[in-house]
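query37.txt follows (compact mmCIF, C-alpha atoms (C1' of nucleotides)):
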```
# COMPACT_ATOMS: atom_id res chain seq x y z
CA MET A 121 258.32 -73.97 -126.91
CA ASP A 122 255.83 -75.01 -129.56
CA TYR A 123 253.89 -72.18 -131.14
CA SER A 124 252.76 -74.04 -134.26
CA GLY A 125 249.15 -74.31 -133.06
CA ILE A 126 248.62 -70.63 -132.41
CA LEU A 127 250.62 -69.61 -135.50
CA ASN A 128 248.46 -71.80 -137.71
CA ASN A 129 245.42 -70.31 -136.08
CA VAL A 130 246.63 -66.80 -136.85
CA ALA A 131 247.61 -67.84 -140.37
CA LYS A 132 243.98 -68.66 -141.11
CA HIS A 133 243.33 -64.94 -141.41
CA ILE A 134 246.58 -63.02 -141.81
CA SER A 135 250.09 -63.85 -142.95
CA LEU A 136 253.14 -62.82 -141.00
CA SER A 137 256.77 -62.24 -141.86
CA LYS A 138 259.57 -63.97 -139.97
CA GLY A 139 260.16 -60.85 -137.89
CA GLU A 140 256.49 -60.43 -137.09
CA ILE A 141 256.24 -64.05 -136.01
CA GLU A 142 259.18 -63.53 -133.73
CA PHE A 143 257.71 -60.39 -132.22
CA PHE A 144 254.32 -62.04 -131.77
CA THR A 145 255.66 -65.15 -130.07
CA SER A 146 257.85 -63.01 -127.85
CA LEU A 147 254.64 -61.62 -126.36
CA LEU A 148 253.21 -65.04 -125.60
CA ALA A 149 253.50 -67.02 -122.41
CA ALA A 150 253.15 -70.80 -122.57
CA ARG A 151 251.44 -72.37 -119.62
CA GLN A 152 250.50 -75.83 -118.50
CA VAL A 153 247.19 -75.98 -116.63
CA ALA A 154 246.12 -78.81 -114.37
CA LYS A 155 242.60 -80.17 -114.53
CA GLY A 156 240.44 -78.10 -112.21
CA GLU A 157 242.76 -75.10 -112.18
CA LEU A 158 241.33 -71.63 -112.85
CA ILE A 159 242.92 -69.33 -115.44
CA VAL A 160 240.36 -66.56 -114.87
CA GLU A 161 238.86 -65.85 -111.46
CA GLU A 162 235.67 -63.98 -110.77
CA ALA A 163 236.18 -60.53 -109.28
CA GLN A 164 239.89 -60.58 -110.18
CA ARG A 165 241.50 -58.60 -112.98
CA CYS A 166 241.67 -60.70 -116.12
CA THR A 167 244.72 -59.57 -118.07
CA TYR A 168 245.18 -62.44 -120.52
CA ILE A 169 243.46 -63.72 -123.59
CA ASN A 170 244.09 -67.44 -123.84
CA TYR A 171 244.65 -69.65 -126.85
CA VAL A 172 243.93 -73.31 -126.07
CA ASN A 173 246.76 -75.39 -127.48
CA THR A 174 245.58 -78.72 -126.06
CA GLY A 175 242.90 -79.59 -123.53
CA ALA A 176 239.54 -78.07 -122.69
CA PHE A 177 238.06 -75.26 -120.61
CA ARG A 178 234.76 -73.93 -119.48
CA ALA A 179 233.69 -70.48 -118.38
CA TYR A 180 231.01 -70.32 -115.73
CA ALA A 181 229.29 -67.93 -113.34
CA PHE A 182 227.26 -68.51 -110.20
CA ASP A 183 223.59 -67.67 -109.82
CA ARG A 184 222.14 -66.52 -106.52
CA HIS A 185 221.57 -70.09 -105.36
CA GLY A 186 225.25 -70.83 -105.84
CA SER A 187 224.92 -73.12 -108.82
CA GLU A 188 227.33 -72.85 -111.73
CA ASN A 189 226.11 -71.74 -115.12
CA THR A 190 228.30 -72.50 -118.10
CA ILE A 191 228.80 -69.50 -120.34
CA MET A 192 231.08 -71.15 -122.88
CA PHE A 193 233.35 -74.08 -123.60
CA ALA A 194 236.69 -73.94 -125.39
CA ILE A 195 238.81 -76.80 -126.68
CA GLU A 196 241.99 -76.99 -128.80
CA ASP A 197 242.36 -74.13 -131.24
CA TRP A 198 239.79 -71.91 -129.52
CA TRP A 199 240.38 -68.64 -127.70
CA ILE A 200 238.84 -67.92 -124.33
CA THR A 201 238.81 -65.10 -121.79
CA ASP A 202 236.38 -62.93 -119.84
CA ILE A 203 236.13 -60.55 -122.75
CA HIS A 204 234.59 -57.70 -120.79
CA GLY A 205 237.13 -57.80 -118.01
CA PHE A 206 239.99 -58.24 -120.44
CA VAL A 207 239.10 -55.35 -122.72
CA LYS A 208 237.78 -52.85 -120.18
CA GLY A 209 240.16 -53.68 -117.36
CA LYS A 210 237.25 -54.53 -115.06
CA PRO A 211 236.95 -57.43 -112.58
CA ALA A 212 235.99 -60.69 -114.24
CA MET A 213 232.37 -61.74 -114.00
CA MET A 214 233.17 -65.40 -114.40
CA ASN A 215 235.61 -68.23 -113.76
CA VAL A 216 237.46 -70.09 -116.47
CA GLU A 217 238.47 -73.58 -115.41
CA ALA A 218 240.42 -76.34 -117.11
CA ILE A 219 238.21 -79.40 -117.43
CA GLU A 220 241.21 -81.41 -118.64
CA GLU A 221 244.95 -81.17 -118.21
CA SER A 222 245.65 -78.43 -120.75
CA SER A 223 248.31 -76.38 -122.44
CA ILE A 224 247.64 -72.76 -123.37
CA ARG A 225 249.33 -69.71 -124.88
CA GLN A 226 248.60 -66.47 -123.10
CA LEU A 227 248.66 -62.98 -124.55
CA HIS A 228 248.66 -60.12 -122.06
CA ILE A 229 246.49 -57.07 -122.72
CA ASP A 230 249.58 -54.83 -122.70
CA GLY A 231 251.30 -57.12 -125.17
CA LEU A 232 248.21 -57.09 -127.34
CA GLU A 233 248.21 -53.32 -127.42
CA ARG A 234 251.85 -53.22 -128.42
CA LEU A 235 251.03 -55.80 -131.05
CA TYR A 236 248.23 -53.66 -132.51
CA ASP A 237 250.68 -50.81 -132.57
CA LYS A 238 253.61 -52.58 -134.22
CA VAL A 239 251.77 -55.07 -136.43
CA PRO A 240 248.43 -53.48 -137.35
CA LYS A 241 247.27 -56.49 -139.31
CA PHE A 242 246.52 -58.07 -135.94
CA GLU A 243 243.65 -55.61 -135.79
CA ARG A 244 242.26 -57.59 -138.68
CA PHE A 245 242.92 -60.90 -137.00
CA PHE A 246 241.15 -59.94 -133.80
CA ARG A 247 238.42 -58.18 -135.74
CA ILE A 248 237.61 -61.54 -137.31
CA LEU A 249 237.95 -63.34 -133.98
CA MET A 250 235.58 -60.91 -132.23
CA GLN A 251 233.23 -61.02 -135.19
CA ASN A 252 232.98 -64.80 -135.05
CA SER A 253 232.45 -64.68 -131.31
CA TYR A 254 229.68 -62.15 -131.77
CA ILE A 255 228.05 -64.34 -134.42
CA ARG A 256 228.22 -67.34 -132.12
CA GLU A 257 226.65 -65.49 -129.21
CA GLN A 258 223.94 -63.82 -131.26
CA LEU A 259 222.93 -67.20 -132.60
CA ARG A 260 222.90 -68.69 -129.14
CA ILE A 261 220.68 -65.90 -127.87
CA LYS A 262 218.29 -66.47 -130.73
CA ASP A 263 218.21 -70.20 -130.01
CA ASN A 264 217.71 -69.65 -126.30
CA LEU A 265 214.82 -67.30 -126.96
CA THR A 266 213.06 -69.30 -129.65
CA THR A 267 213.45 -72.93 -128.62
CA GLN A 268 212.93 -74.99 -125.54
CA ALA A 269 215.25 -77.31 -123.72
CA GLU A 270 214.88 -80.48 -125.76
CA GLU A 271 215.45 -78.65 -129.03
CA ARG A 272 218.41 -76.76 -127.59
CA TYR A 273 220.01 -80.02 -126.59
CA ARG A 274 219.56 -81.40 -130.09
CA LEU A 275 221.09 -78.27 -131.58
CA PHE A 276 223.96 -78.51 -129.13
CA ILE A 277 225.02 -82.08 -129.92
CA ASN A 278 224.63 -81.27 -133.58
CA LYS A 279 226.76 -78.17 -133.43
CA TYR A 280 229.41 -79.40 -131.01
CA PRO A 281 229.73 -83.17 -131.49
CA GLN A 282 233.37 -82.89 -130.48
CA PHE A 283 232.27 -82.03 -126.92
CA ILE A 284 230.29 -85.22 -126.37
CA ASN A 285 231.94 -87.61 -123.90
CA ARG A 286 234.40 -84.89 -123.09
CA VAL A 287 232.42 -82.46 -121.02
CA PRO A 288 230.23 -83.90 -118.24
CA LEU A 289 226.48 -83.79 -118.77
CA LYS A 290 225.91 -81.55 -115.79
CA GLN A 291 228.01 -78.88 -117.50
CA VAL A 292 226.11 -79.35 -120.73
CA ALA A 293 222.91 -78.93 -118.72
CA SER A 294 224.12 -75.68 -117.20
CA TYR A 295 225.17 -74.48 -120.65
CA LEU A 296 221.66 -75.16 -121.94
CA GLY A 297 220.10 -73.52 -118.91
CA VAL A 298 218.48 -76.59 -117.36
CA THR A 299 219.20 -78.83 -114.37
CA PRO A 300 221.11 -82.09 -114.81
CA GLN A 301 217.97 -83.93 -113.73
CA PHE A 302 215.91 -82.39 -116.46
CA LEU A 303 218.60 -82.98 -119.08
CA SER A 304 218.48 -86.60 -118.03
CA VAL A 305 214.75 -86.66 -118.73
CA ILE A 306 215.33 -85.10 -122.14
CA ARG A 307 218.00 -87.63 -123.06
CA ASN A 308 215.69 -90.39 -122.00
CA ARG A 309 212.91 -89.05 -124.19
CA LEU A 310 215.23 -88.71 -127.18
CA ALA A 311 216.64 -92.22 -126.72
CA LYS A 312 213.15 -93.68 -126.79
CA GLY A 313 211.92 -91.44 -129.58
CA SER A 314 214.59 -92.49 -132.07
CA MET B 227 223.52 -35.59 -147.09
CA ASP B 228 224.43 -35.41 -143.42
CA TYR B 229 227.16 -37.79 -142.32
CA SER B 230 228.08 -36.04 -139.10
CA GLY B 231 226.47 -38.73 -136.92
CA ILE B 232 228.32 -41.66 -138.40
CA LEU B 233 231.57 -39.71 -138.71
CA ASN B 234 231.47 -38.80 -135.03
CA ASN B 235 230.77 -42.42 -134.25
CA VAL B 236 233.82 -43.50 -136.23
CA ALA B 237 235.90 -40.73 -134.69
CA LYS B 238 235.38 -42.25 -131.25
CA HIS B 239 237.93 -44.90 -132.18
CA ILE B 240 239.97 -43.82 -135.20
CA SER B 241 240.79 -40.51 -136.87
CA LEU B 242 240.49 -39.99 -140.59
CA SER B 243 242.04 -37.62 -143.07
CA LYS B 244 239.91 -35.50 -145.40
CA GLY B 245 240.50 -37.95 -148.23
CA GLU B 246 239.63 -40.95 -146.12
CA ILE B 247 236.43 -39.32 -144.97
CA GLU B 248 235.52 -38.69 -148.56
CA PHE B 249 236.22 -42.26 -149.57
CA PHE B 250 234.31 -43.63 -146.59
CA THR B 251 231.20 -41.51 -147.17
CA SER B 252 231.28 -42.36 -150.86
CA LEU B 253 230.61 -45.97 -149.82
CA LEU B 254 227.59 -45.08 -147.72
CA ALA B 255 223.97 -44.98 -148.75
CA ALA B 256 221.57 -42.77 -146.83
CA ARG B 257 218.10 -44.15 -146.41
CA GLN B 258 214.87 -43.04 -144.83
CA VAL B 259 212.88 -45.90 -143.28
CA ALA B 260 209.19 -45.76 -142.45
CA LYS B 261 207.91 -47.13 -139.17
CA GLY B 262 207.19 -50.81 -139.63
CA GLU B 263 209.48 -51.21 -142.64
CA LEU B 264 212.03 -54.05 -142.71
CA ILE B 265 215.68 -53.38 -143.51
CA VAL B 266 216.70 -57.03 -143.07
CA GLU B 267 214.41 -59.89 -144.02
CA GLU B 268 214.63 -63.44 -142.77
CA ALA B 269 215.86 -65.92 -145.39
CA GLN B 270 217.04 -63.08 -147.68
CA ARG B 271 220.66 -62.09 -148.25
CA CYS B 272 221.64 -59.33 -145.88
CA THR B 273 224.28 -57.24 -147.60
CA TYR B 274 224.30 -54.09 -145.47
CA ILE B 275 225.50 -53.12 -142.07
CA ASN B 276 223.35 -50.24 -140.83
CA TYR B 277 224.22 -47.22 -138.74
CA VAL B 278 221.15 -45.72 -137.08
CA ASN B 279 221.26 -41.96 -137.59
CA THR B 280 217.87 -41.24 -136.03
CA GLY B 281 215.01 -43.49 -134.99
CA ALA B 282 214.89 -47.00 -133.57
CA PHE B 283 214.95 -50.61 -134.73
CA ARG B 284 214.47 -54.07 -133.41
CA ALA B 285 215.76 -57.42 -134.64
CA TYR B 286 213.49 -60.39 -134.08
CA ALA B 287 213.00 -64.02 -135.05
CA PHE B 288 209.99 -66.28 -134.91
CA ASP B 289 209.71 -69.35 -132.73
CA ARG B 290 207.79 -72.43 -133.80
CA HIS B 291 204.51 -71.02 -132.47
CA GLY B 292 204.93 -67.99 -134.67
CA SER B 293 205.61 -65.48 -131.90
CA GLU B 294 208.29 -62.86 -132.32
CA ASN B 295 211.38 -62.92 -130.14
CA THR B 296 213.43 -59.76 -129.91
CA ILE B 297 217.14 -60.38 -130.39
CA MET B 298 218.27 -56.78 -130.08
CA PHE B 299 217.24 -53.16 -130.17
CA ALA B 300 219.15 -50.31 -131.79
CA ILE B 301 218.57 -46.58 -131.48
CA GLU B 302 220.49 -43.49 -132.67
CA ASP B 303 224.23 -44.03 -132.88
CA TRP B 304 224.02 -47.84 -132.80
CA TRP B 305 224.88 -50.27 -135.56
CA ILE B 306 222.62 -53.17 -136.48
CA THR B 307 222.56 -56.04 -138.95
CA ASP B 308 222.16 -59.80 -139.07
CA ILE B 309 225.84 -60.24 -138.37
CA HIS B 310 226.01 -63.87 -139.44
CA GLY B 311 224.26 -63.33 -142.74
CA PHE B 312 226.21 -60.16 -143.41
CA VAL B 313 229.65 -61.61 -142.79
CA LYS B 314 229.21 -65.11 -144.17
CA GLY B 315 226.92 -64.24 -147.07
CA LYS B 316 224.22 -66.55 -145.74
CA PRO B 317 220.45 -65.98 -145.58
CA ALA B 318 219.40 -63.84 -142.62
CA MET B 319 218.01 -65.64 -139.60
CA MET B 320 216.02 -62.64 -138.45
CA ASN B 321 214.08 -59.54 -139.40
CA VAL B 322 215.15 -56.01 -138.59
CA GLU B 323 212.25 -53.61 -138.42
CA ALA B 324 211.99 -49.87 -137.83
CA ILE B 325 209.91 -49.24 -134.74
CA GLU B 326 209.96 -45.53 -135.47
CA GLU B 327 210.34 -43.42 -138.58
CA SER B 328 214.12 -43.62 -138.96
CA SER B 329 217.10 -42.46 -140.92
CA ILE B 330 220.06 -44.78 -141.47
CA ARG B 331 223.43 -44.97 -143.24
CA GLN B 332 224.11 -48.23 -144.98
CA LEU B 333 227.47 -49.77 -145.74
CA HIS B 334 227.49 -52.62 -148.24
CA ILE B 335 229.64 -55.68 -147.57
CA ASP B 336 231.56 -55.09 -150.82
CA GLY B 337 232.16 -51.49 -149.85
CA LEU B 338 233.32 -52.60 -146.44
CA GLU B 339 235.84 -54.95 -147.97
CA ARG B 340 237.20 -52.20 -150.20
CA LEU B 341 237.33 -50.01 -147.13
CA TYR B 342 239.41 -52.55 -145.20
CA ASP B 343 241.68 -52.71 -148.19
CA LYS B 344 242.19 -49.02 -148.76
CA VAL B 345 241.92 -47.72 -145.19
CA PRO B 346 243.16 -50.49 -142.90
CA LYS B 347 242.46 -48.54 -139.75
CA PHE B 348 238.82 -49.47 -140.28
CA GLU B 349 239.89 -52.95 -139.26
CA ARG B 350 240.52 -51.37 -135.90
CA PHE B 351 237.21 -49.58 -135.86
CA PHE B 352 235.20 -52.68 -136.63
CA ARG B 353 237.37 -54.75 -134.32
CA ILE B 354 236.22 -52.51 -131.50
CA LEU B 355 232.64 -52.56 -132.72
CA MET B 356 232.58 -56.36 -132.89
CA GLN B 357 234.34 -56.58 -129.56
CA ASN B 358 231.73 -54.43 -127.86
CA SER B 359 228.96 -56.43 -129.46
CA TYR B 360 230.54 -59.62 -128.21
CA ILE B 361 230.83 -58.19 -124.71
CA ARG B 362 227.20 -57.15 -124.76
CA GLU B 363 226.00 -60.56 -125.89
CA GLN B 364 228.21 -62.53 -123.52
CA LEU B 365 226.86 -60.49 -120.64
CA ARG B 366 223.31 -61.01 -121.78
CA ILE B 367 223.86 -64.76 -121.96
CA LYS B 368 225.26 -64.74 -118.47
CA ASP B 369 222.28 -62.75 -117.19
CA ASN B 370 219.80 -64.98 -118.96
CA LEU B 371 221.41 -68.05 -117.47
CA THR B 372 221.85 -66.80 -113.94
CA THR B 373 218.77 -64.67 -113.21
CA GLN B 374 215.06 -65.00 -113.55
CA ALA B 375 212.54 -62.82 -115.26
CA GLU B 376 211.95 -60.17 -112.59
CA GLU B 377 215.66 -59.57 -112.10
CA ARG B 378 216.25 -59.48 -115.86
CA TYR B 379 213.60 -56.80 -116.19
CA ARG B 380 215.24 -54.74 -113.47
CA LEU B 381 218.62 -55.09 -115.16
CA PHE B 382 217.08 -54.10 -118.46
CA ILE B 383 215.47 -50.85 -117.33
CA ASN B 384 218.65 -50.04 -115.50
CA LYS B 385 220.91 -50.65 -118.45
CA TYR B 386 218.69 -49.22 -121.17
CA PRO B 387 216.63 -46.43 -119.58
CA GLN B 388 216.60 -44.66 -122.93
CA PHE B 389 214.36 -47.43 -124.32
CA ILE B 390 211.58 -46.95 -121.79
CA ASN B 391 208.43 -45.42 -123.27
CA ARG B 392 209.96 -45.85 -126.67
CA VAL B 393 209.72 -49.56 -127.29
CA PRO B 394 206.38 -51.24 -126.52
CA LEU B 395 206.28 -53.53 -123.49
CA LYS B 396 205.44 -56.57 -125.54
CA GLN B 397 208.77 -56.17 -127.32
CA VAL B 398 210.59 -55.74 -124.05
CA ALA B 399 208.90 -58.94 -122.88
CA SER B 400 210.06 -60.85 -125.94
CA TYR B 401 213.58 -59.47 -125.43
CA LEU B 402 213.58 -60.76 -121.87
CA GLY B 403 212.18 -64.11 -122.97
CA VAL B 404 208.79 -63.87 -121.26
CA THR B 405 205.22 -63.27 -122.40
CA PRO B 406 203.69 -59.78 -122.25
CA GLN B 407 201.21 -61.11 -119.69
CA PHE B 408 203.94 -62.23 -117.38
CA LEU B 409 205.89 -59.01 -117.79
CA SER B 410 202.73 -57.26 -116.71
CA VAL B 411 202.65 -59.36 -113.55
CA ILE B 412 206.30 -58.52 -112.89
CA ARG B 413 205.73 -54.79 -113.33
CA ASN B 414 202.79 -55.01 -110.98
CA ARG B 415 204.90 -56.76 -108.36
CA LEU B 416 207.67 -54.19 -108.69
CA ALA B 417 205.25 -51.26 -108.48
CA LYS B 418 203.81 -52.59 -105.23
CA GLY B 419 207.17 -53.63 -103.83
CA SER B 420 208.72 -50.17 -104.08
C1' DC C 36 183.40 -42.63 -134.64
C1' DG C 37 185.12 -47.51 -134.81
C1' DC C 38 188.78 -50.63 -135.38
C1' DG C 39 192.96 -52.83 -134.02
C1' DA C 40 196.92 -53.00 -131.18
C1' DC C 41 198.30 -52.69 -126.56
C1' DG C 42 198.59 -53.55 -121.58
C1' DT C 43 196.40 -55.78 -117.99
C1' DT C 44 194.00 -59.35 -115.01
C1' DG C 45 192.44 -64.03 -113.78
C1' DA C 46 191.97 -69.22 -114.34
C1' DT C 47 194.19 -73.12 -115.80
C1' DT C 48 198.07 -75.78 -117.57
C1' DT C 49 202.82 -77.08 -118.32
C1' DG C 50 207.88 -77.04 -118.61
C1' DC C 51 211.14 -77.26 -115.66
C1' DC C 52 212.90 -77.12 -110.75
C1' DT C 53 213.61 -78.94 -106.05
C1' DC C 54 214.29 -82.46 -102.99
C1' DA C 55 215.40 -87.09 -102.12
C1' DA C 56 217.27 -91.40 -103.10
C1' DC C 57 219.96 -94.83 -105.74
C1' DG C 58 223.71 -97.47 -108.43
C1' DA C 59 227.90 -96.76 -110.99
C1' DT C 60 232.30 -94.57 -111.55
C1' DT C 61 236.17 -92.19 -110.23
C1' DG C 62 239.59 -90.93 -107.32
C1' DT C 63 242.23 -91.02 -103.09
C1' DG C 64 244.45 -91.95 -98.84
C1' DG C 65 245.77 -95.66 -95.93
C1' DC D 2 245.31 -102.66 -103.67
C1' DC D 3 241.53 -102.09 -101.03
C1' DA D 4 238.03 -99.08 -98.54
C1' DC D 5 235.83 -95.20 -98.55
C1' DA D 6 234.28 -90.79 -100.04
C1' DA D 7 232.93 -87.98 -103.64
C1' DT D 8 230.96 -87.09 -107.94
C1' DC D 9 228.09 -88.33 -111.62
C1' DG D 10 223.97 -89.68 -114.09
C1' DT D 11 219.53 -91.19 -113.30
C1' DT D 12 214.65 -91.80 -111.54
C1' DG D 13 210.45 -90.31 -109.05
C1' DA D 14 207.28 -87.24 -106.25
C1' DG D 15 205.79 -82.87 -105.51
C1' DG D 16 206.08 -77.78 -106.33
C1' DC D 17 206.77 -73.41 -108.61
C1' DA D 18 207.67 -70.08 -112.38
C1' DA D 19 206.01 -68.89 -116.37
C1' DA D 20 202.98 -70.17 -120.50
C1' DT D 21 198.44 -70.45 -122.43
C1' DC D 22 193.79 -69.15 -123.01
C1' DA D 23 190.28 -65.87 -122.43
C1' DA D 24 188.37 -61.53 -121.48
C1' DC D 25 188.27 -56.50 -120.91
C1' DG D 26 189.37 -51.38 -120.84
C1' DT D 27 192.23 -47.98 -123.14
C1' DC D 28 194.19 -45.47 -126.60
C1' DG D 29 196.02 -43.94 -131.11
C1' DC D 30 194.77 -43.58 -135.55
C1' DG D 31 192.36 -44.07 -140.07
```
What does this structure look like when you write it as structure tokens?
Amino acid sequence: MDYSGILNNVAKHISLSKGEIEFFTSLLAARQVAKGELIVEEAQRCTYINYVNTGAFRAYAFDRHGSENTIMFAIEDWWITDIHGFVKGKPAMMNVEAIEESSIRQLHIDGLERLYDKVPKFERFFRILMQNSYIREQLRIKDNLTTQAEERYRLFINKYPQFINRVPLKQVASYLGVTPQFLSVIRNRLAKGS
Amino acid sequence: MDYSGILNNVAKHISLSKGEIEFFTSLLAARQVAKGELIVEEAQRCTYINYVNTGAFRAYAFDRHGSENTIMFAIEDWWITDIHGFVKGKPAMMNVEAIEESSIRQLHIDGLERLYDKVPKFERFFRILMQNSYIREQLRIKDNLTTQAEERYRLFINKYPQFINRVPLKQVASYLGVTPQFLSVIRNRLAKGS
DNA sequence: CGCGACGTTGATTTGCCTCAACGATTGTGG
DNA sequence: CCACAATCGTTGAGGCAAATCAACGTCGCG
């Protein structure tokens, strides 16, 4: 099995010995995920943190009308899980679905704890991972509070150009917190305005 | 100077030897902050992460109309900083203001890096801190996407009862992403409805 | 005391939603 | 390989949630 993707990802922040690499990869499960398949299910225990090797995912939750709201996207070289459920052992509050045929590497919470124990520098690695996730979310909250839909869309395509033509517009809309219809209006306005 | 607050906070997740405690506290600066004073200023470098010993703070950013939007609150035993500016050495995107006369313990980014170096278990401590912050923000994003103002207000007073009668309603409103006028309408509705 | 910030209320406006309908893809079973 | 359904992106009409603008009483504080 090919672990070069995840090992390079880890190597961005910490360096591992041969033995550590072996121990780390022994804790990983490789999994192929079909388009549309869920790797995290709302109300279920979520015991894995997932590294996206190839493909793309989205995390979403339902509102009281039953429409899906996109909480995050993740493509190659990103990590994704229901962080609350994973860390606290609580039921997941969201679904994570493959939006393409994908390949992932899964690390179980028990494996992660053994990893922290045996190779403490992974504390550093996940510290940085959590830190970057926190930064991302704090920025998103600020943007959601301070700007309106059209501006948020501009920020989005600027920040995540690699998502364009890969995730459907209705999912972008639900990520931005608007309806697909209104996103359509926005796109129309922008196309004319520039 | 009294470091019992911050040491107890650290002790929730890691235990330190006498020498480590000494080294850690030697990196801290104690500071008294007057109500209304800023400890992080937008567009300035933000070089400290702040532990709130006593008092209360809020982080806020301006929108294009010049109104303040509250990104987070922090009271005793919380940590607060502009996490992006602090970690990446970039200008802060927000202000952090004391909303009460407060006492804080400040850890400089350089000190933190020396701390990681000399006492690696602090990687674990801040991993958990960042992790909890990420959880908090991911949940807030989900709530902001999936619920409307009245529900968000109910969730807020439920989750943070200790803030009530301590932070002014206009700041709660800007945290929830509504105007003070509309929050007033909501409160009125809730008072009649129950 | 008097000023300024706060919380509230009401009238009007607006950003965005809902509902409905349509062509263009995409996918799927026959 | 076609027929059909399903999904997607779009447009338009009408409606609602929340913003804006304005005004007023209250209260803490200098």
**OP:** Would you kindly report the residues of chain D within 9 Å of chain A, using all atoms listed in the file, as a PyMOL selection string?
**Re:** chain D and resi 9-12
**OP:** Please identify all polymer residues lying at most 10 Å from the point (210.2, -85.2, -103.8) (file coordinates), using only C-alpha atoms (C1' of nucleotides), and present the result as a ChimeraX atom specification.
**Re:** /C:53-56 /D:13-16
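Distances from A:Asn285, A:Thr167, A:Asn128, A:Thr299 to C:DC51 were compared using all atoms listed in the file, and the smallest one belongs to A:Thr299.
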Subject >> Straight-line distance linking atom CA of B:Met320 with atom CA of A:Tyr180, stated in Å to one decimal >> reply: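 Going from atom CA of B:Met320 over to atom CA of A:Tyr180, I get 28.3 Å.
Between atom CA of B:Gly262 and atom CA of B:Glu327 lies a distance of 8.1 Å.
When atom CA of B:Arg413 is paired with atom CA of B:Met298, their separation reads 21.0 Å.
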Subject >> Residues near C:DG62, cut-off 10 Å, all atoms listed in the file, skip fewer than 2 positions along chain, as a PyMOL selection string >> reply: (chain C and resi 60+64) or (chain D and resi 6-8)
